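Colleague: Handing over run-v2.tsv, TSV, C-alpha atoms.
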chain	number	residue	atom	x	y	z
A	1	MET	CA	13.28	8.30	-0.29
A	2	ARG	CA	10.16	7.27	1.59
A	3	VAL	CA	8.32	4.41	-0.09
A	4	TYR	CA	5.10	2.70	0.89
A	5	VAL	CA	4.98	-1.09	0.60
A	6	PRO	CA	1.51	-2.65	0.42
A	7	LEU	CA	0.99	-5.80	2.48
A	8	THR	CA	-1.64	-7.85	4.27
A	9	LEU	CA	-1.50	-8.80	7.95
A	10	PRO	CA	-0.07	-12.25	7.06
A	11	GLY	CA	2.53	-10.48	4.90
A	12	LEU	CA	3.41	-8.18	7.81
A	13	ALA	CA	3.72	-11.22	10.11
A	14	GLN	CA	6.09	-12.85	7.64
A	15	ALA	CA	8.17	-9.65	7.34
A	16	HIS	CA	8.28	-9.31	11.13
A	17	LYS	CA	9.46	-12.90	11.52
A	18	ALA	CA	12.07	-12.57	8.74
A	19	GLY	CA	13.19	-9.10	9.82
A	20	GLU	CA	12.79	-7.82	6.27
A	21	LEU	CA	10.30	-6.94	3.58
A	22	GLY	CA	10.97	-9.27	0.71
A	23	PRO	CA	12.27	-11.07	-1.09
A	24	GLY	CA	12.68	-8.63	-3.94
A	25	PRO	CA	11.59	-7.34	-6.24
A	26	LEU	CA	9.07	-5.41	-4.20
A	27	THR	CA	6.35	-3.17	-5.56
A	28	ALA	CA	6.02	0.03	-3.58
A	29	TYR	CA	4.65	3.53	-4.03
A	30	ALA	CA	6.47	6.83	-3.72
A	31	VAL	CA	6.38	10.44	-4.81
A	32	THR	CA	7.46	10.01	-8.43
A	33	PRO	CA	7.56	12.68	-11.14
A	34	ALA	CA	4.36	11.25	-12.65
A	35	LEU	CA	2.59	11.34	-9.28
A	36	ARG	CA	3.68	14.96	-8.82
A	37	GLU	CA	2.35	15.85	-12.25
A	38	TRP	CA	-0.92	13.97	-11.76
A	39	TYR	CA	-1.70	15.61	-8.40
A	40	VAL	CA	-0.36	19.01	-9.44
A	41	SER	CA	0.94	19.79	-6.00
A	42	ASP	CA	4.22	20.91	-4.47
A	43	ASP	CA	3.13	20.01	-0.93
A	44	ILE	CA	5.29	16.99	-0.05
A	45	GLU	CA	2.94	15.87	2.74
A	46	GLU	CA	0.01	15.86	0.34
A	47	LEU	CA	2.04	13.95	-2.25
A	48	GLU	CA	3.20	11.37	0.30
A	49	TYR	CA	-0.40	10.95	1.41
A	50	ALA	CA	-1.32	10.27	-2.23
A	51	ALA	CA	1.47	7.66	-2.47
A	52	LEU	CA	0.24	6.08	0.78
A	53	ASN	CA	-3.29	5.89	-0.65
A	54	ARG	CA	-1.96	4.25	-3.82
A	55	ALA	CA	-0.27	1.64	-1.63
A	56	ALA	CA	-3.50	1.14	0.35
A	57	ALA	CA	-5.31	0.43	-2.93
A	58	ALA	CA	-2.60	-2.10	-3.82
A	59	SER	CA	-3.03	-3.69	-0.38
A	60	LEU	CA	-6.74	-4.06	-1.13
A	61	ARG	CA	-5.81	-5.95	-4.30
A	62	LEU	CA	-3.56	-8.24	-2.26
A	63	LEU	CA	-6.50	-8.90	0.07
A	64	ALA	CA	-8.73	-9.75	-2.89
A	65	GLY	CA	-6.19	-12.44	-3.84
A	66	ASP	CA	-5.95	-13.87	-0.31
A	67	PRO	CA	-9.40	-14.73	1.06
A	68	ALA	CA	-7.91	-16.11	4.28
A	69	ALA	CA	-6.24	-12.81	5.25
A	70	ALA	CA	-7.91	-10.51	7.76
A	71	ARG	CA	-9.73	-7.78	5.87
A	72	ARG	CA	-7.45	-4.92	6.89
A	73	ARG	CA	-5.22	-3.00	4.52
A	74	VAL	CA	-1.60	-2.72	5.63
A	75	VAL	CA	1.14	-0.42	4.32
A	76	VAL	CA	4.69	-0.22	5.62
A	77	ALA	CA	6.52	3.09	5.17
A	78	VAL	CA	10.24	2.52	4.66
A	79	ASP	CA	13.17	4.71	3.76
A	80	VAL	CA	15.40	3.54	0.91
A	81	ALA	CA	18.12	5.16	-1.17
A	82	ASP	CA	16.69	7.07	-4.13
A	83	LYS	CA	18.57	4.81	-6.53
A	84	ASP	CA	16.83	1.73	-5.06
A	85	ALA	CA	13.29	2.90	-5.95
A	86	VAL	CA	13.01	2.55	-9.73
A	87	VAL	CA	10.06	3.67	-11.85
A	88	ASP	CA	9.19	1.30	-14.69
A	89	PRO	CA	9.72	3.47	-17.79
A	90	ASP	CA	7.02	1.55	-19.65
A	91	ARG	CA	4.42	2.22	-16.94
A	92	GLY	CA	5.56	5.54	-15.49
A	93	LEU	CA	2.76	7.56	-17.08
A	94	ASP	CA	0.09	4.84	-16.84
A	95	ALA	CA	-2.64	6.19	-14.55
A	96	GLY	CA	-2.94	2.75	-12.95
A	97	ALA	CA	0.73	2.80	-11.99
A	98	LEU	CA	1.05	6.36	-10.67
A	99	GLY	CA	3.68	6.43	-7.96
A	100	GLU	CA	4.61	2.78	-8.48
A	101	VAL	CA	8.27	1.89	-7.98
A	102	ARG	CA	10.22	-1.36	-7.87
A	103	ILE	CA	12.78	-2.20	-5.25
A	104	ALA	CA	15.12	-4.94	-6.47
A	105	SER	CA	15.99	-6.59	-3.18
A	106	ALA	CA	14.61	-7.17	0.29
A	107	VAL	CA	14.48	-4.19	2.64
A	108	PRO	CA	15.40	-4.65	6.32
A	109	LEU	CA	12.41	-4.00	8.55
A	110	ALA	CA	14.77	-1.84	10.61
A	111	LYS	CA	14.42	0.76	7.81
A	112	ALA	CA	10.68	0.98	8.42
A	113	ALA	CA	9.47	4.32	9.70
A	114	ALA	CA	5.89	3.25	10.45
A	115	VAL	CA	3.11	0.82	9.69
A	116	HIS	CA	-0.28	2.04	8.51
A	117	ALA	CA	-3.28	-0.27	8.90
A	118	ASP	CA	-7.04	-0.23	9.01
A	119	ALA	CA	-8.81	-0.19	12.34
A	120	ASP	CA	-10.97	-3.18	13.23
A	121	ASP	CA	-14.13	-1.23	12.38
A	122	ALA	CA	-13.04	-0.98	8.73
A	123	GLU	CA	-13.08	-4.74	8.16
A	124	ALA	CA	-16.64	-4.99	6.81
A	125	ASP	CA	-16.11	-2.20	4.27
A	126	VAL	CA	-12.68	-3.51	3.29
A	127	ALA	CA	-14.09	-7.03	2.85
A	128	ALA	CA	-16.88	-5.70	0.65
A	129	ALA	CA	-14.39	-3.64	-1.36
A	130	ALA	CA	-12.06	-6.61	-1.89
A	131	GLY	CA	-15.03	-8.66	-3.07
A	132	ALA	CA	-16.14	-5.95	-5.49
A	133	LEU	CA	-12.78	-5.26	-7.14
A	134	GLY	CA	-13.30	-7.59	-10.09
A	135	ALA	CA	-16.64	-6.05	-11.02
A	136	ALA	CA	-15.29	-2.53	-10.46
A	137	ASP	CA	-12.41	-3.30	-12.82
A	138	GLN	CA	-15.01	-4.29	-15.42
A	139	GLY	CA	-16.72	-0.89	-15.14
A	140	ASP	CA	-19.54	-1.68	-12.70
A	141	ASP	CA	-20.34	1.66	-11.04
A	142	ASP	CA	-22.02	0.09	-8.00
A	143	ALA	CA	-18.97	-2.10	-7.41
A	144	GLN	CA	-16.70	0.94	-7.78
A	145	PHE	CA	-18.80	2.72	-5.16
A	146	THR	CA	-18.22	-0.24	-2.83
A	147	VAL	CA	-14.47	-0.19	-3.52
A	148	ASP	CA	-14.38	3.54	-2.86
A	149	GLY	CA	-16.09	2.87	0.49
A	150	ALA	CA	-12.86	1.35	1.82
A	151	GLU	CA	-11.15	4.68	1.16
A	152	ASP	CA	-13.53	6.33	3.63
A	153	HIS	CA	-11.45	4.66	6.34
A	154	GLU	CA	-8.18	6.39	7.14
A	155	LEU	CA	-5.28	4.06	7.81
A	156	LEU	CA	-4.05	4.32	11.38
A	157	TRP	CA	-0.39	4.98	12.18
A	158	PHE	CA	1.58	2.44	14.21
A	159	GLY	CA	5.18	2.59	15.32
A	160	VAL	CA	7.36	-0.31	14.17
A	161	GLN	CA	7.65	-1.43	17.80
A	162	GLU	CA	3.86	-1.92	17.77
A	163	ILE	CA	3.91	-4.60	15.07
A	164	PRO	CA	3.59	-7.50	17.55
A	165	ALA	CA	0.47	-5.93	19.09
A	166	LEU	CA	-0.94	-5.18	15.62
A	167	LEU	CA	-0.48	-8.83	14.67
A	168	GLY	CA	-2.03	-9.69	18.02
In structure tokens, how does this file's structure come out?
Modeller:
Amino acid sequence: MRVYVPLTLPGLAQAHKAGELGPGPLTAYAVTPALREWYVSDDIEELEYAALNRAAAASLRLLAGDPAAARRRVVVAVDVADKDAVVDPDRGLDAGALGEVRIASAVPLAKAAAVHADADDAEADVAAAAGALGAADQGDDDAQFTVDGAEDHELLWFGVQEIPALLG
């Protein structure tokens, strides 16, 4: 199963140095039954894109909690055994947790298929979005508009071998 693990650039640097994403448990995003039902689609590429976007939103939340991190969302796509990606039965149908899975233990970075990250030109919008998350969560429409602005930036695809250059 392909899962998408949200990170920050410092988190990616740590994973690169350790050779693994972890320690567990890890929160990741995948094509779950609830995500399938929510997006009402049978197109696996479209569903995986939705899971990737859920992970990008989680990466934005990580950035909001780490003011020192570069303002670029990072998501690592990894392949794990289906049994290793577990949906929380108490949150499976919660709209805020669509596609969310837990992975109990660290995942070797060798299982990574790709890294997705914002381009440099997204940093201003991502910084503004990270700063507006709290107000958006409280129902502020202007703040939500700012948060949504980060989604206007598509995450770029990087091969795993490009991680050192991405960390630059």
Colleague: Considering all atoms listed in the file, return as a short mmCIF file (atom, residue, chain, number, x, y, z; two decimals) with C-alpha atoms, in the coordinates of the input whatever protein or nucleic-acid residues lie within 12 Å of Leu7 (chain A), sequence-local ones (same chain, fewer than 4 positions apart) excluded.
Modeller:
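The result, stored in out04.cif:
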data_model
loop_
_atom_site.label_atom_id
_atom_site.label_comp_id
_atom_site.auth_asym_id
_atom_site.auth_seq_id
_atom_site.Cartn_x
_atom_site.Cartn_y
_atom_site.Cartn_z
CA GLY A 11 2.53 -10.48 4.90
CA LEU A 12 3.41 -8.18 7.81
CA ALA A 13 3.72 -11.22 10.11
CA GLN A 14 6.09 -12.85 7.64
CA ALA A 15 8.17 -9.65 7.34
CA HIS A 16 8.28 -9.31 11.13
CA LEU A 21 10.30 -6.94 3.58
CA GLY A 22 10.97 -9.27 0.71
CA LEU A 26 9.07 -5.41 -4.20
CA THR A 27 6.35 -3.17 -5.56
CA ALA A 28 6.02 0.03 -3.58
CA TYR A 29 4.65 3.53 -4.03
CA ALA A 55 -0.27 1.64 -1.63
CA ALA A 56 -3.50 1.14 0.35
CA ALA A 57 -5.31 0.43 -2.93
CA ALA A 58 -2.60 -2.10 -3.82
CA SER A 59 -3.03 -3.69 -0.38
CA LEU A 60 -6.74 -4.06 -1.13
CA ARG A 61 -5.81 -5.95 -4.30
CA LEU A 62 -3.56 -8.24 -2.26
CA LEU A 63 -6.50 -8.90 0.07
CA ALA A 64 -8.73 -9.75 -2.89
CA GLY A 65 -6.19 -12.44 -3.84
CA ASP A 66 -5.95 -13.87 -0.31
CA ALA A 69 -6.24 -12.81 5.25
CA ALA A 70 -7.91 -10.51 7.76
CA ARG A 71 -9.73 -7.78 5.87
CA ARG A 72 -7.45 -4.92 6.89
CA ARG A 73 -5.22 -3.00 4.52
CA VAL A 74 -1.60 -2.72 5.63
CA VAL A 75 1.14 -0.42 4.32
CA VAL A 76 4.69 -0.22 5.62
CA ALA A 77 6.52 3.09 5.17
CA VAL A 115 3.11 0.82 9.69
CA HIS A 116 -0.28 2.04 8.51
CA ALA A 117 -3.28 -0.27 8.90
CA ASP A 118 -7.04 -0.23 9.01
#
Colleague: Counting only C-alpha atoms, which residue out of A:Val147, A:Ala106, A:Ala30, A:Ala50 sits closest to Ala132 (chain A)?
Modeller: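 Nearest candidate to Ala132 (chain A) out of A:Val147, A:Ala106, A:Ala30, A:Ala50: A:Val147.
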Colleague: Residues at most 7 Å from region 148-164 of chain A, counting all atoms listed in the file, excluding those fewer than 2 positions away in the same chain, as a PDB file with C-alpha atoms, in the coordinates of the input?
Modeller:
ATOM      1  CA  ALA A 112      10.680   0.980   8.420  1.00  0.00           C
ATOM      2  CA  ALA A 113       9.470   4.320   9.700  1.00  0.00           C
ATOM      3  CA  ALA A 114       5.890   3.250  10.450  1.00  0.00           C
ATOM      4  CA  VAL A 115       3.110   0.820   9.690  1.00  0.00           C
ATOM      5  CA  HIS A 116      -0.280   2.040   8.510  1.00  0.00           C
ATOM      6  CA  ALA A 117      -3.280  -0.270   8.900  1.00  0.00           C
ATOM      7  CA  ASP A 118      -7.040  -0.230   9.010  1.00  0.00           C
ATOM      8  CA  ALA A 119      -8.810  -0.190  12.340  1.00  0.00           C
ATOM      9  CA  ALA A 122     -13.040  -0.980   8.730  1.00  0.00           C
ATOM     10  CA  ASP A 125     -16.110  -2.200   4.270  1.00  0.00           C
ATOM     11  CA  VAL A 126     -12.680  -3.510   3.290  1.00  0.00           C
ATOM     12  CA  ALA A 129     -14.390  -3.640  -1.360  1.00  0.00           C
ATOM     13  CA  GLN A 144     -16.700   0.940  -7.780  1.00  0.00           C
ATOM     14  CA  PHE A 145     -18.800   2.720  -5.160  1.00  0.00           C
ATOM     15  CA  THR A 146     -18.220  -0.240  -2.830  1.00  0.00           C
ATOM     16  CA  LEU A 166      -0.940  -5.180  15.620  1.00  0.00           C
ATOM     17  CA  LEU A 167      -0.480  -8.830  14.670  1.00  0.00           C
ATOM     18  CA  GLY A 168      -2.030  -9.690  18.020  1.00  0.00           C
TER      19      GLY A 168
END
Colleague: Let me make sure I understand: among A:Val101, A:Leu133, A:Val5, A:Ala85, which one has the smallest atom-to-atom distance to Glu20 (chain A) if we use all atoms listed in the file?
Modeller: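 Checking each candidate against Glu20 (chain A), we get A:Val5 as the closest.
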Colleague: Kindly provide, as an MDAnalysis selection string, the polymer residues lying within 9 Å of (15.8, -13.4, -4.7), counting only C-alpha atoms and using the coordinates exactly as they appear in the file.
Modeller: chainID A and resid 22:25 104:106
Colleague: What is the distance between CA of Asp141 (chain A) and CA of Leu98 (chain A), in Å to one decimal?
Modeller: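 Straight-line distance from CA of Asp141 (chain A) to CA of Leu98 (chain A) works out to 21.9 Å.
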Colleague: Quote the spacing between CA of Val40 (chain A) and CA of Val3 (chain A) in Å to one decimal place.
Modeller: 19.4 Å
Colleague: To one decimal place, how far is CA of Val107 (chain A) from CA of Leu47 (chain A) in Å?
Modeller: 22.5 Å
Colleague: Around all of region 103-118 of chain A's listed atoms, make the axis-aligned box with 4 Å on each side and tell me centre and edge lengths in Å to one decimal, as AutoDock Vina command-line options.
Modeller:
--center_x 4.5 --center_y -1.4 --center_z 2.1 --size_x 31.0 --size_y 19.5 --size_z 25.1
Colleague: So which residues are close to (6.0, 14.5, -7.0), meaning at most 9 Å away in the file's coordinates with only C-alpha atoms counted, and can you show them as a list in words?
Modeller: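 With a cut-off of 9 Å, the residues come to Ala30, Val31, Thr32, Pro33, Ala34, Leu35, Arg36, Glu37, Trp38, Tyr39, Val40, Ser41, Asp42, Asp43, Ile44, Leu47, Glu48 and Gly99 of chain A.
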Colleague: Restricting the calculation to only C-alpha atoms: of A:Pro67, A:Gly139, A:Gly19, A:Pro6, which residue gets closest to Asn53 (chain A)?
Modeller: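 Nearest candidate to Asn53 (chain A) out of A:Pro67, A:Gly139, A:Gly19, A:Pro6: A:Pro6.
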